[in-house]
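The file upload.cif comes next; it holds mmCIF, C-alpha atoms.
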```cif
data_input
#
loop_
_atom_site.group_PDB
_atom_site.id
_atom_site.type_symbol
_atom_site.label_atom_id
_atom_site.label_comp_id
_atom_site.auth_asym_id
_atom_site.auth_seq_id
_atom_site.Cartn_x
_atom_site.Cartn_y
_atom_site.Cartn_z
ATOM 1 C CA MET A 1 0.045 10.220 -49.001
ATOM 2 C CA THR A 2 2.036 7.334 -50.468
ATOM 3 C CA GLU A 3 3.208 4.377 -48.413
ATOM 4 C CA HIS A 4 6.802 5.612 -48.656
ATOM 5 C CA GLN A 5 5.767 8.986 -47.283
ATOM 6 C CA ARG A 6 3.883 7.288 -44.456
ATOM 7 C CA LEU A 7 6.964 5.289 -43.499
ATOM 8 C CA PHE A 8 9.102 8.427 -43.274
ATOM 9 C CA LEU A 9 6.384 10.237 -41.322
ATOM 10 C CA VAL A 10 6.059 7.371 -38.813
ATOM 11 C CA GLN A 11 9.804 7.489 -38.175
ATOM 12 C CA ALA A 12 9.828 11.299 -38.028
ATOM 13 C CA ARG A 13 7.082 11.295 -35.424
ATOM 14 C CA THR A 14 8.816 8.738 -33.227
ATOM 15 C CA ASN A 15 12.010 10.787 -33.412
ATOM 16 C CA PHE A 16 10.054 13.925 -32.488
ATOM 17 C CA THR A 17 8.454 12.090 -29.558
ATOM 18 C CA VAL A 18 11.878 11.063 -28.257
ATOM 19 C CA PHE A 19 13.067 14.658 -28.747
ATOM 20 C CA GLY A 20 10.162 15.803 -26.566
ATOM 21 C CA LEU A 21 10.969 13.273 -23.847
ATOM 22 C CA PHE A 22 14.667 14.165 -23.837
ATOM 23 C CA ARG A 23 13.848 17.877 -23.880
ATOM 24 C CA LYS A 24 12.007 17.533 -20.572
ATOM 25 C CA ASP A 25 14.936 15.812 -18.836
ATOM 26 C CA SER A 26 17.561 18.432 -18.005
ATOM 27 C CA LYS A 27 19.945 15.720 -16.760
ATOM 28 C CA LEU A 28 20.461 14.321 -20.243
ATOM 29 C CA PRO A 29 23.236 15.757 -22.412
ATOM 30 C CA ARG A 30 21.650 18.059 -24.988
ATOM 31 C CA CYS A 31 23.506 16.361 -27.816
ATOM 32 C CA HIS A 32 21.017 13.486 -27.630
ATOM 33 C CA THR A 33 18.038 15.831 -27.657
ATOM 34 C CA LEU A 34 19.426 17.702 -30.666
ATOM 35 C CA HIS A 35 20.229 14.456 -32.451
ATOM 36 C CA TYR A 36 16.581 13.408 -32.304
ATOM 37 C CA LEU A 37 15.431 16.870 -33.376
ATOM 38 C CA GLN A 38 17.727 16.758 -36.405
ATOM 39 C CA MET A 39 16.556 13.271 -37.337
ATOM 40 C CA ALA A 40 12.865 14.158 -36.860
ATOM 41 C CA THR A 41 13.088 17.181 -39.119
ATOM 42 C CA GLU A 42 15.108 15.327 -41.753
ATOM 43 C CA MET A 43 12.577 12.489 -41.864
ATOM 44 C CA LEU A 44 9.682 14.953 -42.103
ATOM 45 C CA GLY A 45 11.396 16.596 -45.058
ATOM 46 C CA LYS A 46 11.973 13.218 -46.665
ATOM 47 C CA ALA A 47 8.289 12.359 -46.244
ATOM 48 C CA LEU A 48 7.517 15.205 -48.635
ATOM 49 C CA ALA A 49 10.468 14.402 -50.907
ATOM 50 C CA TRP A 50 9.055 10.903 -51.535
ATOM 51 C CA ARG A 51 5.700 12.261 -52.800
ATOM 52 C CA HIS A 52 6.451 11.172 -56.386
ATOM 53 C CA GLY A 53 8.767 8.251 -55.655
ATOM 54 C CA PRO A 54 12.414 8.127 -54.681
ATOM 55 C CA PRO A 55 14.179 11.502 -54.811
ATOM 56 C CA LYS A 56 16.843 11.861 -57.493
ATOM 57 C CA LYS A 57 19.475 12.550 -54.847
ATOM 58 C CA GLN A 58 19.709 11.160 -51.329
ATOM 59 C CA THR A 59 20.711 13.906 -48.928
ATOM 60 C CA HIS A 60 20.449 15.048 -45.333
ATOM 61 C CA ARG A 61 19.220 18.385 -46.699
ATOM 62 C CA ALA A 62 15.532 17.607 -46.745
ATOM 63 C CA PHE A 63 13.937 19.793 -44.095
ATOM 64 C CA VAL A 64 14.749 23.274 -45.405
ATOM 65 C CA PRO A 65 13.316 22.544 -48.876
ATOM 66 C CA PHE A 66 10.259 21.082 -47.153
ATOM 67 C CA LEU A 67 9.879 24.186 -44.996
ATOM 68 C CA ARG A 68 10.276 26.514 -47.975
ATOM 69 C CA SER A 69 7.616 24.578 -49.863
ATOM 70 C CA LEU A 70 5.169 25.287 -47.055
ATOM 71 C CA ALA A 71 5.133 28.998 -47.896
ATOM 72 C CA ALA A 72 2.931 28.163 -50.897
ATOM 73 C CA ASN A 73 1.059 25.263 -49.310
ATOM 74 C CA ARG A 74 -2.454 26.549 -48.578
ATOM 75 C CA GLN A 75 -3.504 23.305 -46.916
ATOM 76 C CA ALA A 76 -0.655 23.524 -44.390
ATOM 77 C CA GLN A 77 -1.386 27.207 -43.913
ATOM 78 C CA LYS A 78 -5.024 26.433 -43.119
ATOM 79 C CA GLN A 79 -4.209 23.498 -40.846
ATOM 80 C CA LEU A 80 -1.826 25.632 -38.806
ATOM 81 C CA GLY A 81 -4.269 28.495 -38.336
ATOM 82 C CA TYR A 82 -3.026 30.979 -40.932
ATOM 83 C CA GLN A 83 -5.978 30.803 -43.338
ATOM 84 C CA GLY A 84 -6.392 34.140 -45.083
ATOM 85 C CA GLN A 85 -3.096 35.435 -43.685
ATOM 86 C CA ASN A 86 -0.820 34.792 -46.663
ATOM 87 C CA ASN A 87 1.769 37.459 -45.825
ATOM 88 C CA SER A 88 1.972 36.465 -42.155
ATOM 89 C CA TRP A 89 2.311 32.807 -43.122
ATOM 90 C CA LYS A 90 5.035 33.462 -45.679
ATOM 91 C CA GLN A 91 6.929 35.680 -43.240
ATOM 92 C CA PHE A 92 6.637 33.068 -40.500
ATOM 93 C CA ILE A 93 8.089 30.396 -42.774
ATOM 94 C CA ARG A 94 10.835 32.736 -44.042
ATOM 95 C CA LYS A 95 11.837 33.604 -40.455
ATOM 96 C CA SER A 96 11.986 29.899 -39.579
ATOM 97 C CA VAL A 97 14.404 28.928 -42.358
ATOM 98 C CA PRO A 98 17.682 30.095 -40.723
ATOM 99 C CA LEU A 99 17.008 28.050 -37.594
ATOM 100 C CA ALA A 100 15.910 25.111 -39.743
ATOM 101 C CA GLU A 101 19.228 25.326 -41.600
ATOM 102 C CA ARG A 102 21.117 25.213 -38.318
ATOM 103 C CA VAL A 103 19.153 22.152 -37.194
ATOM 104 C CA GLU A 104 19.757 20.519 -40.571
ATOM 105 C CA ASN A 105 23.487 21.235 -40.268
ATOM 106 C CA LEU A 106 23.666 19.216 -37.044
ATOM 107 C CA ALA A 107 23.925 16.091 -39.224
ATOM 108 C CA PRO A 108 27.551 14.904 -39.071
ATOM 109 C CA ALA A 109 27.729 14.773 -42.874
ATOM 110 C CA LEU A 110 26.824 18.487 -43.048
ATOM 111 C CA CYS A 111 28.617 20.020 -40.066
ATOM 112 C CA LYS A 112 32.008 19.819 -41.748
ATOM 113 C CA ASP A 113 34.523 19.387 -38.921
ATOM 114 C CA GLY A 114 32.547 21.188 -36.262
ATOM 115 C CA PRO A 115 30.094 20.490 -33.487
ATOM 116 C CA ASN A 116 27.539 17.805 -34.112
ATOM 117 C CA PRO A 117 25.469 15.754 -31.692
ATOM 118 C CA GLU A 118 26.845 12.356 -32.722
ATOM 119 C CA TYR A 119 30.627 12.238 -33.038
ATOM 120 C CA PRO A 120 33.622 13.790 -31.282
ATOM 121 C CA TRP A 121 35.395 16.430 -33.330
ATOM 122 C CA PRO A 122 37.500 17.545 -35.073
ATOM 123 C CA ASN A 123 37.456 14.338 -37.084
ATOM 124 C CA ALA A 124 41.213 13.799 -37.447
ATOM 125 C CA GLU A 125 42.032 14.347 -33.788
ATOM 126 C CA PRO A 126 38.948 14.618 -31.579
ATOM 127 C CA GLU A 127 39.106 17.096 -28.708
ATOM 128 C CA THR A 128 35.433 17.471 -27.793
ATOM 129 C CA ALA A 129 32.717 14.946 -27.017
ATOM 130 C CA PRO A 130 29.191 16.016 -27.931
ATOM 131 C CA ALA A 131 27.987 15.041 -24.439
ATOM 132 C CA GLU A 132 30.315 17.673 -22.945
ATOM 133 C CA HIS A 133 29.555 20.434 -25.422
ATOM 134 C CA THR A 134 27.167 23.327 -24.858
ATOM 135 C CA PHE A 135 25.316 23.766 -28.123
ATOM 136 C CA GLU A 136 24.357 27.376 -28.801
ATOM 137 C CA ILE A 137 21.403 26.232 -30.868
ATOM 138 C CA TRP A 138 19.939 24.560 -27.780
ATOM 139 C CA GLN A 139 19.883 27.871 -25.889
ATOM 140 C CA GLU A 140 18.360 29.568 -28.919
ATOM 141 C CA LEU A 141 15.598 26.987 -29.200
ATOM 142 C CA GLN A 142 14.781 27.228 -25.516
ATOM 143 C CA GLU A 143 15.364 30.870 -24.655
ATOM 144 C CA THR A 144 14.369 32.966 -27.671
ATOM 145 C CA ALA A 145 10.961 33.753 -29.095
ATOM 146 C CA GLU A 146 12.140 32.556 -32.520
ATOM 147 C CA GLY A 147 13.300 29.250 -31.071
ATOM 148 C CA ARG A 148 10.073 28.638 -29.198
ATOM 149 C CA GLN A 149 8.031 29.592 -32.292
ATOM 150 C CA PHE A 150 10.110 27.198 -34.384
ATOM 151 C CA LEU A 151 9.458 24.332 -31.966
ATOM 152 C CA SER A 152 5.778 25.229 -31.879
ATOM 153 C CA LEU A 153 5.696 25.143 -35.683
ATOM 154 C CA LEU A 154 7.286 21.695 -35.636
ATOM 155 C CA GLY A 155 4.717 20.437 -33.155
ATOM 156 C CA GLY A 156 1.949 21.705 -35.401
ATOM 157 C CA LEU A 157 3.508 20.201 -38.505
ATOM 158 C CA PHE A 158 3.794 16.778 -36.902
ATOM 159 C CA ALA A 159 0.217 16.973 -35.624
ATOM 160 C CA VAL A 160 -1.373 17.597 -39.032
ATOM 161 C CA ALA A 161 1.184 16.296 -41.532
ATOM 162 C CA GLU A 162 -1.220 13.905 -43.271
ATOM 163 C CA ALA A 163 -3.324 16.882 -44.355
ATOM 164 C CA PHE A 164 -0.625 18.373 -46.546
ATOM 165 C CA LEU A 165 1.975 15.735 -47.411
#
```
How would this structure read if it were set down as structure tokens?
Amino acid sequence: MTEHQRLFLVQARTNFTVFGLFRKDSKLPRCHTLHYLQMATEMLGKALAWRHGPPKKQTHRAFVPFLRSLAANRQAQKQLGYQGQNNSWKQFIRKSVPLAERVENLAPALCKDGPNPEYPWPNAEPETAPAEHTFEIWQELQETAEGRQFLSLLGGLFAVAEAFL
């Protein structure tokens, strides 16, 4: 792992830690929890993107390419308990991508003029504050098997990231 990758991973992990703390406190508006989840995943994706130096293009779209790259990453597969289960591993990653895209799209620069955890919207004439909004993705992460599996995958990725970045 390069020093640049380490820096992004350190920040990603602190964001994921804050996400975990906020997740446990039901009194906090979910926009803050989702904001830290989006930032944690983006920084984790950027940790991989910096493997060979600065990426050609700076973008908030870093996590989905990172996740897709894991389908062929045998070291990550082994670290996360899927050794010898190539089809199961690839299917697990493929099933995780749509939710990863939705988390990625929480970034204000990617959400167009819709709900995001940082700024009131629509941009030209705000009508909704993130702190007052019920984010569907939050319910999906908490209440569906796919959401819980996705969060479990993230926990595993953060735990063993040095082994495959």
Answer key for the PyMOL selection byres ((chain A and resi 53-68) around 7), residues as JSON, numbers by chain = {"A": [41, 42, 44, 45, 46, 48, 49, 50, 51, 52, 69, 70, 71, 93, 97, 100, 101, 104]}
Could you take the residues named above and write them with C-alpha atoms, as a short mmCIF file (atom, residue, chain, number, x, y, z; two decimals), keeping the file's coordinate frame?
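Okay, this is what ended up in out_7.cif:
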```cif
data_model
loop_
_atom_site.label_atom_id
_atom_site.label_comp_id
_atom_site.auth_asym_id
_atom_site.auth_seq_id
_atom_site.Cartn_x
_atom_site.Cartn_y
_atom_site.Cartn_z
CA THR A 41 13.09 17.18 -39.12
CA GLU A 42 15.11 15.33 -41.75
CA LEU A 44 9.68 14.95 -42.10
CA GLY A 45 11.40 16.60 -45.06
CA LYS A 46 11.97 13.22 -46.66
CA LEU A 48 7.52 15.20 -48.64
CA ALA A 49 10.47 14.40 -50.91
CA TRP A 50 9.06 10.90 -51.54
CA ARG A 51 5.70 12.26 -52.80
CA HIS A 52 6.45 11.17 -56.39
CA SER A 69 7.62 24.58 -49.86
CA LEU A 70 5.17 25.29 -47.06
CA ALA A 71 5.13 29.00 -47.90
CA ILE A 93 8.09 30.40 -42.77
CA VAL A 97 14.40 28.93 -42.36
CA ALA A 100 15.91 25.11 -39.74
CA GLU A 101 19.23 25.33 -41.60
CA GLU A 104 19.76 20.52 -40.57
#
```
Spatial neighbours of Thr14 in chain A, max dist 12 Å, all atoms listed in the file, sep filter under 3 positions, as JSON, numbers by chain | {"A": [7, 8, 9, 10, 11, 17, 18, 19, 20, 21, 36, 37, 39, 40, 41, 43, 44, 158]}
Taking into account all atoms listed in the file, which residue in the set A:Gly81, A:Gly155, A:Gln38, A:His32 is nearest to Leu110 in chain A?
->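 Between A:Gly81, A:Gly155, A:Gln38, A:His32, the residue approaching Leu110 in chain A most closely is A:Gln38.
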Quick one: distance from CA of Glu162 in chain A to CA of Arg6 in chain A in Å, one decimal?
->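 That distance, rounded to one decimal, is 8.4 Å.
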Matched chain/residue IDs from the PyMOL selection byres ((chain A and resi 117) around 12), as a ChimeraX atom specification | /A:29-39,103-111,114-116,118-121,128-135,137-138
Those selected residues, please, written with C-alpha atoms and delivered as a compact mmCIF listing (two decimals), keeping the file's coordinate frame.
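The file below, part-v4.txt, is the result:
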```txt
# COMPACT_ATOMS: atom_id res chain seq x y z
CA PRO A 29 23.24 15.76 -22.41
CA ARG A 30 21.65 18.06 -24.99
CA CYS A 31 23.51 16.36 -27.82
CA HIS A 32 21.02 13.49 -27.63
CA THR A 33 18.04 15.83 -27.66
CA LEU A 34 19.43 17.70 -30.67
CA HIS A 35 20.23 14.46 -32.45
CA TYR A 36 16.58 13.41 -32.30
CA LEU A 37 15.43 16.87 -33.38
CA GLN A 38 17.73 16.76 -36.40
CA MET A 39 16.56 13.27 -37.34
CA VAL A 103 19.15 22.15 -37.19
CA GLU A 104 19.76 20.52 -40.57
CA ASN A 105 23.49 21.24 -40.27
CA LEU A 106 23.67 19.22 -37.04
CA ALA A 107 23.92 16.09 -39.22
CA PRO A 108 27.55 14.90 -39.07
CA ALA A 109 27.73 14.77 -42.87
CA LEU A 110 26.82 18.49 -43.05
CA CYS A 111 28.62 20.02 -40.07
CA GLY A 114 32.55 21.19 -36.26
CA PRO A 115 30.09 20.49 -33.49
CA ASN A 116 27.54 17.80 -34.11
CA GLU A 118 26.84 12.36 -32.72
CA TYR A 119 30.63 12.24 -33.04
CA PRO A 120 33.62 13.79 -31.28
CA TRP A 121 35.40 16.43 -33.33
CA THR A 128 35.43 17.47 -27.79
CA ALA A 129 32.72 14.95 -27.02
CA PRO A 130 29.19 16.02 -27.93
CA ALA A 131 27.99 15.04 -24.44
CA GLU A 132 30.32 17.67 -22.94
CA HIS A 133 29.56 20.43 -25.42
CA THR A 134 27.17 23.33 -24.86
CA PHE A 135 25.32 23.77 -28.12
CA ILE A 137 21.40 26.23 -30.87
CA TRP A 138 19.94 24.56 -27.78
```
Record the distance separating CA of Ser152 in chain A and CA of Lys95 in chain A, expressed in Å with one decimal.
->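 Separation of CA of Ser152 in chain A and CA of Lys95 in chain A: 13.4 Å.
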Computed interatomic separation between CA of Glu140 in chain A and CA of Lys27 in chain A (Å) | 18.5 Å
Could you expand the PyMOL selection byres ((chain A and resi 76) around 10) into the explicit residues it covers here, written as an NGL selection string?
-> :A and (69-75 or 77-83 or 89 or 156-157 or 160-165)
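With distances restricted to all atoms listed in the file, A:Leu153 is the closest residue to Leu141 in chain A from A:Pro122, A:Asp113, A:Leu153, A:Arg13.
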Mind giving me the axis-aligned box for range 85-98 of chain A with 3 Å on every side, centre plus edges in Å to one decimal, as lines of an AutoDock Vina configuration file?
```
center_x = 7.3
center_y = 33.2
center_z = -43.1
size_x = 26.8
size_y = 14.5
size_z = 13.1
```
